[in-house]
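To be precise, the following lines are final.cif, and they hold mmCIF, C-alpha atoms and all ligand atoms.
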data_run
#
loop_
_atom_site.label_atom_id
_atom_site.label_comp_id
_atom_site.auth_asym_id
_atom_site.auth_seq_id
_atom_site.Cartn_x
_atom_site.Cartn_y
_atom_site.Cartn_z
CA MET Z 1 109.03 121.18 119.64
CA ALA Z 2 106.16 122.45 117.54
CA ALA Z 3 102.58 121.86 118.60
CA PHE Z 4 99.20 122.18 116.89
CA SER Z 5 97.09 125.27 117.38
CA LYS Z 6 93.56 124.81 118.67
CA LYS Z 7 92.20 125.24 115.13
CA SER Z 8 94.67 122.71 113.69
CA GLU Z 9 93.80 120.23 116.41
CA GLN Z 10 90.09 120.72 115.76
CA CYS Z 11 90.51 120.12 112.00
CA LEU Z 12 92.80 117.14 112.52
CA SER Z 13 90.39 115.47 114.94
CA THR Z 14 87.86 115.08 112.09
CA CYS Z 15 90.33 113.00 110.02
CA HIS Z 16 90.88 109.27 109.58
CA PRO Z 17 93.10 107.79 112.34
CA ASP Z 18 95.97 107.09 109.88
CA LEU Z 19 96.06 110.73 108.72
CA GLN Z 20 96.01 111.81 112.35
CA ALA Z 21 98.79 109.39 113.29
CA VAL Z 22 101.23 110.62 110.63
CA CYS Z 23 100.42 114.29 111.32
CA ARG Z 24 100.98 113.75 115.05
CA GLU Z 25 104.45 112.32 114.32
CA LEU Z 26 105.29 115.00 111.78
CA ILE Z 27 104.51 117.89 114.16
CA LYS Z 28 107.26 116.59 116.45
CA GLN Z 29 109.87 117.43 113.82
CA TYR Z 30 108.29 120.02 111.52
CA ASP Z 31 105.94 122.93 112.21
CA PHE Z 32 102.84 122.97 110.04
CA ALA Z 33 99.17 123.97 110.24
CA VAL Z 34 96.15 121.76 109.56
CA LEU Z 35 93.89 123.85 107.33
CA CYS Z 36 91.06 121.45 106.74
CA GLY Z 37 89.79 117.99 107.64
CA HIS Z 38 86.12 117.20 107.25
CA ARG Z 39 84.06 119.56 105.06
CA ASN Z 40 80.27 119.55 105.30
CA LYS Z 41 78.02 120.28 102.34
CA ALA Z 42 78.06 124.08 102.68
CA GLU Z 43 81.84 124.16 103.21
CA GLN Z 44 82.52 121.84 100.26
CA ASN Z 45 80.37 123.81 97.86
CA ALA Z 46 81.92 127.08 99.09
CA ALA Z 47 85.38 125.59 98.41
CA PHE Z 48 84.19 124.57 94.94
CA ASP Z 49 82.80 128.06 94.23
CA ALA Z 50 86.06 129.65 95.40
CA GLY Z 51 88.09 127.35 93.11
CA ARG Z 52 89.76 125.62 96.06
CA SER Z 53 88.22 122.27 95.15
CA ARG Z 54 87.31 120.66 91.82
CA LEU Z 55 84.54 118.63 93.37
CA ILE Z 56 81.05 119.33 94.63
CA TYR Z 57 79.60 117.66 97.72
CA PRO Z 58 79.79 114.72 98.47
CA GLN Z 59 82.51 113.75 95.96
CA SER Z 60 85.53 115.03 97.88
CA LYS Z 61 87.40 112.82 100.32
CA HIS Z 62 87.05 115.74 102.72
CA ASN Z 63 83.31 114.95 102.85
CA SER Z 64 83.64 111.50 104.45
CA LYS Z 65 83.31 110.98 108.18
CA PRO Z 66 86.01 110.67 109.31
CA ALA Z 67 87.60 112.71 106.55
CA LEU Z 68 89.79 110.71 104.16
CA ALA Z 69 91.73 113.86 103.21
CA VAL Z 70 93.59 116.56 105.07
CA ASP Z 71 95.01 119.90 103.94
CA ILE Z 72 98.23 120.98 105.64
CA ALA Z 73 100.69 123.85 105.15
CA PRO Z 74 104.16 124.68 106.49
CA TYR Z 75 103.98 127.19 109.33
CA PRO Z 76 104.26 130.17 109.04
CA ILE Z 77 102.27 129.86 105.82
CA ASP Z 78 103.80 131.33 102.66
CA TRP Z 79 101.78 130.34 99.60
CA GLY Z 80 104.53 131.68 97.34
CA ASN Z 81 107.09 129.17 98.61
CA LEU Z 82 106.18 125.82 97.10
CA TYR Z 83 109.63 124.45 97.97
CA ARG Z 84 108.52 124.36 101.63
CA PHE Z 85 105.34 122.49 100.71
CA ARG Z 86 107.46 119.92 98.85
CA GLU Z 87 109.77 119.59 101.84
CA MET Z 88 106.81 119.06 104.19
CA LEU Z 89 105.30 116.41 101.88
CA CYS Z 90 108.63 114.56 101.59
CA ARG Z 91 108.82 114.40 105.37
CA PHE Z 92 105.18 113.27 105.60
CA ASP Z 93 105.78 110.55 103.00
CA ALA Z 94 108.97 109.31 104.68
CA LEU Z 95 107.19 109.06 108.04
CA ALA Z 96 104.19 107.34 106.45
CA ARG Z 97 106.47 104.69 104.90
CA LEU Z 98 108.19 104.09 108.22
CA MET Z 99 104.90 103.85 110.10
CA ARG Z 100 103.49 101.40 107.53
CA GLU Z 101 106.60 99.22 107.91
CA ARG Z 102 106.12 99.26 111.68
CA GLY Z 103 102.44 98.34 111.27
CA GLU Z 104 101.30 101.57 112.95
CA ILE Z 105 99.16 102.57 109.96
CA GLU Z 106 97.76 100.74 106.93
CA SER Z 107 96.84 103.51 104.51
CA GLU Z 108 98.69 104.59 101.37
CA PHE Z 109 98.49 108.27 100.54
CA GLU Z 110 98.08 110.35 97.43
CA TYR Z 111 99.37 113.93 97.23
CA GLY Z 112 97.60 116.80 95.51
CA ALA Z 113 101.05 118.19 94.66
CA ASP Z 114 101.49 115.21 92.30
CA TRP Z 115 98.31 115.83 90.35
CA THR Z 116 98.89 117.02 86.83
CA SER Z 117 95.63 118.81 86.08
CA LEU Z 118 95.21 121.07 89.11
CA LYS Z 119 97.99 120.90 91.68
CA ASP Z 120 96.69 121.07 95.24
CA TYR Z 121 99.83 121.44 97.37
CA PRO Z 122 98.27 121.20 100.86
CA HIS Z 123 96.09 118.19 100.00
CA ILE Z 124 96.83 114.64 101.17
CA GLU Z 125 94.29 111.86 100.76
CA ILE Z 126 94.01 108.17 101.50
CA LYS Z 127 94.30 106.08 98.33
CA SER Z 128 91.19 104.08 97.63
ZN ZN Z 201 92.11 119.01 100.33
#
Any chance you could give the structure as structure tokens?
Ligand SMILES: [Zn+2]
Amino acid sequence: MAAFSKKSEQCLSTCHPDLQAVCRELIKQYDFAVLCGHRNKAEQNAAFDAGRSRLIYPQSKHNSKPALAVDIAPYPIDWGNLYRFREMLCRFDALARLMRERGEIESEFEYGADWTSLKDYPHIEIKS
């Protein structure tokens, strides 16, 4: 069974409980890395400058405490293989539905992979 690295665990621990809950179920069946949870002001503006985010602080859901967004990637990470990102997100979404039905979480999620303007494949956020 896959397990989170120390870095993944550290990032995940900054996220909303519902994001954590689904990720903790998903890691039991699919190996992935948590790239980012909460981003402080310097980190958010660095992400903006690098083109990894469209938003400046504090507009991103990564800027909330706890973070209302998480970035995850299939492990080992291959940015050229978007099929694997899709597969991971399908599994995440299926688990999230199941956990909502069971009353284990309440949140609905939005996927950066579904955005039409700038696709953000690792990004999952809680719908507001
Ligand atoms: Zn993100």
With 9 Å as the cut-off and all atoms listed in the file counted, what is the closest atom pair between each nearby residue of chain Z and ligand ZN 201 (chain Z)? Distances in Å to one decimal, ordered by chain and number, as a tab-separated table.
residue	atom	partner	partner_atom	distance
Z:Leu35	CA	Z:ZN201	ZN	8.7
Z:Cys36	CA	Z:ZN201	ZN	6.9
Z:Gly37	CA	Z:ZN201	ZN	7.7
Z:Arg52	CA	Z:ZN201	ZN	8.2
Z:Ser53	CA	Z:ZN201	ZN	7.3
Z:Ser60	CA	Z:ZN201	ZN	8.1
Z:Lys61	CA	Z:ZN201	ZN	7.8
Z:His62	CA	Z:ZN201	ZN	6.5
Z:Ala69	CA	Z:ZN201	ZN	5.9
Z:Val70	CA	Z:ZN201	ZN	5.5
Z:Asp71	CA	Z:ZN201	ZN	4.7
Z:Ile72	CA	Z:ZN201	ZN	8.3
Z:Gly112	CA	Z:ZN201	ZN	7.6
Z:Asp120	CA	Z:ZN201	ZN	7.2
Z:Tyr121	CA	Z:ZN201	ZN	8.6
Z:Pro122	CA	Z:ZN201	ZN	6.6
Z:His123	CA	Z:ZN201	ZN	4.1
Z:Ile124	CA	Z:ZN201	ZN	6.5
Z:Glu125	CA	Z:ZN201	ZN	7.5
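Going from atom CA of Z:Ala21 to atom CA of Z:Leu89 covers 14.9 Å.
Counting all atoms listed in the file, the residue from Z:Ala113, Z:Arg39, Z:Asn45, Z:Asp18 that sits nearest to Z:Arg97 is Z:Asp18.
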Near Z:Ser13, counting all atoms listed in the file, which residues have an atom at most 9 Å away, once you skip same-chain residues fewer than 5 positions from it, shown as a PDB file with C-alpha atoms, in the frame of the given file?
ATOM      1  CA  SER Z   8      94.670 122.710 113.690  1.00  0.00           C
ATOM      2  CA  GLN Z  20      96.010 111.810 112.350  1.00  0.00           C
ATOM      3  CA  GLY Z  37      89.790 117.990 107.640  1.00  0.00           C
ATOM      4  CA  HIS Z  38      86.120 117.200 107.250  1.00  0.00           C
ATOM      5  CA  PRO Z  66      86.010 110.670 109.310  1.00  0.00           C
TER       6      PRO Z  66
END
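The nearest approach to Z:Leu19 among the residues Z:Val34, Z:Tyr57, Z:Tyr75, Z:Asp114, with all atoms listed in the file taken into account, belongs to Z:Val34.
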Name the residues in contact with stretch 24-26 of chain Z at a cut-off of 12 Å, using all atoms listed in the file, excluding same-chain residues fewer than 2 positions from it; report them as a PDB file with C-alpha atoms, in the frame of the given file.
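Contents of selection-v7.pdb, as written:
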ATOM      1  CA  MET Z   1     109.030 121.180 119.640  1.00  0.00           C
ATOM      2  CA  ALA Z   2     106.160 122.450 117.540  1.00  0.00           C
ATOM      3  CA  ALA Z   3     102.580 121.860 118.600  1.00  0.00           C
ATOM      4  CA  PHE Z   4      99.200 122.180 116.890  1.00  0.00           C
ATOM      5  CA  SER Z   8      94.670 122.710 113.690  1.00  0.00           C
ATOM      6  CA  GLU Z   9      93.800 120.230 116.410  1.00  0.00           C
ATOM      7  CA  LEU Z  12      92.800 117.140 112.520  1.00  0.00           C
ATOM      8  CA  SER Z  13      90.390 115.470 114.940  1.00  0.00           C
ATOM      9  CA  CYS Z  15      90.330 113.000 110.020  1.00  0.00           C
ATOM     10  CA  PRO Z  17      93.100 107.790 112.340  1.00  0.00           C
ATOM     11  CA  ASP Z  18      95.970 107.090 109.880  1.00  0.00           C
ATOM     12  CA  LEU Z  19      96.060 110.730 108.720  1.00  0.00           C
ATOM     13  CA  GLN Z  20      96.010 111.810 112.350  1.00  0.00           C
ATOM     14  CA  ALA Z  21      98.790 109.390 113.290  1.00  0.00           C
ATOM     15  CA  VAL Z  22     101.230 110.620 110.630  1.00  0.00           C
ATOM     16  CA  LYS Z  28     107.260 116.590 116.450  1.00  0.00           C
ATOM     17  CA  GLN Z  29     109.870 117.430 113.820  1.00  0.00           C
ATOM     18  CA  TYR Z  30     108.290 120.020 111.520  1.00  0.00           C
ATOM     19  CA  ASP Z  31     105.940 122.930 112.210  1.00  0.00           C
ATOM     20  CA  PHE Z  32     102.840 122.970 110.040  1.00  0.00           C
ATOM     21  CA  ALA Z  33      99.170 123.970 110.240  1.00  0.00           C
ATOM     22  CA  VAL Z  34      96.150 121.760 109.560  1.00  0.00           C
ATOM     23  CA  ILE Z  72      98.230 120.980 105.640  1.00  0.00           C
ATOM     24  CA  ALA Z  73     100.690 123.850 105.150  1.00  0.00           C
ATOM     25  CA  PRO Z  74     104.160 124.680 106.490  1.00  0.00           C
ATOM     26  CA  GLU Z  87     109.770 119.590 101.840  1.00  0.00           C
ATOM     27  CA  MET Z  88     106.810 119.060 104.190  1.00  0.00           C
ATOM     28  CA  LEU Z  89     105.300 116.410 101.880  1.00  0.00           C
ATOM     29  CA  CYS Z  90     108.630 114.560 101.590  1.00  0.00           C
ATOM     30  CA  ARG Z  91     108.820 114.400 105.370  1.00  0.00           C
ATOM     31  CA  PHE Z  92     105.180 113.270 105.600  1.00  0.00           C
ATOM     32  CA  ASP Z  93     105.780 110.550 103.000  1.00  0.00           C
ATOM     33  CA  ALA Z  94     108.970 109.310 104.680  1.00  0.00           C
ATOM     34  CA  LEU Z  95     107.190 109.060 108.040  1.00  0.00           C
ATOM     35  CA  ALA Z  96     104.190 107.340 106.450  1.00  0.00           C
ATOM     36  CA  LEU Z  98     108.190 104.090 108.220  1.00  0.00           C
ATOM     37  CA  MET Z  99     104.900 103.850 110.100  1.00  0.00           C
ATOM     38  CA  GLU Z 104     101.300 101.570 112.950  1.00  0.00           C
ATOM     39  CA  ILE Z 105      99.160 102.570 109.960  1.00  0.00           C
TER      40      ILE Z 105
END
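Taking atom CA of Z:Arg102 and atom CA of Z:Ser5 as endpoints, the distance between them is 28.1 Å.
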Residue contacts of stretch 40-42 of chain Z (12 Å, only C-alpha atoms) excluding same-chain residues fewer than 5 positions away, as a PyMOL selection string: chain Z and resi 14+47-49+55-67
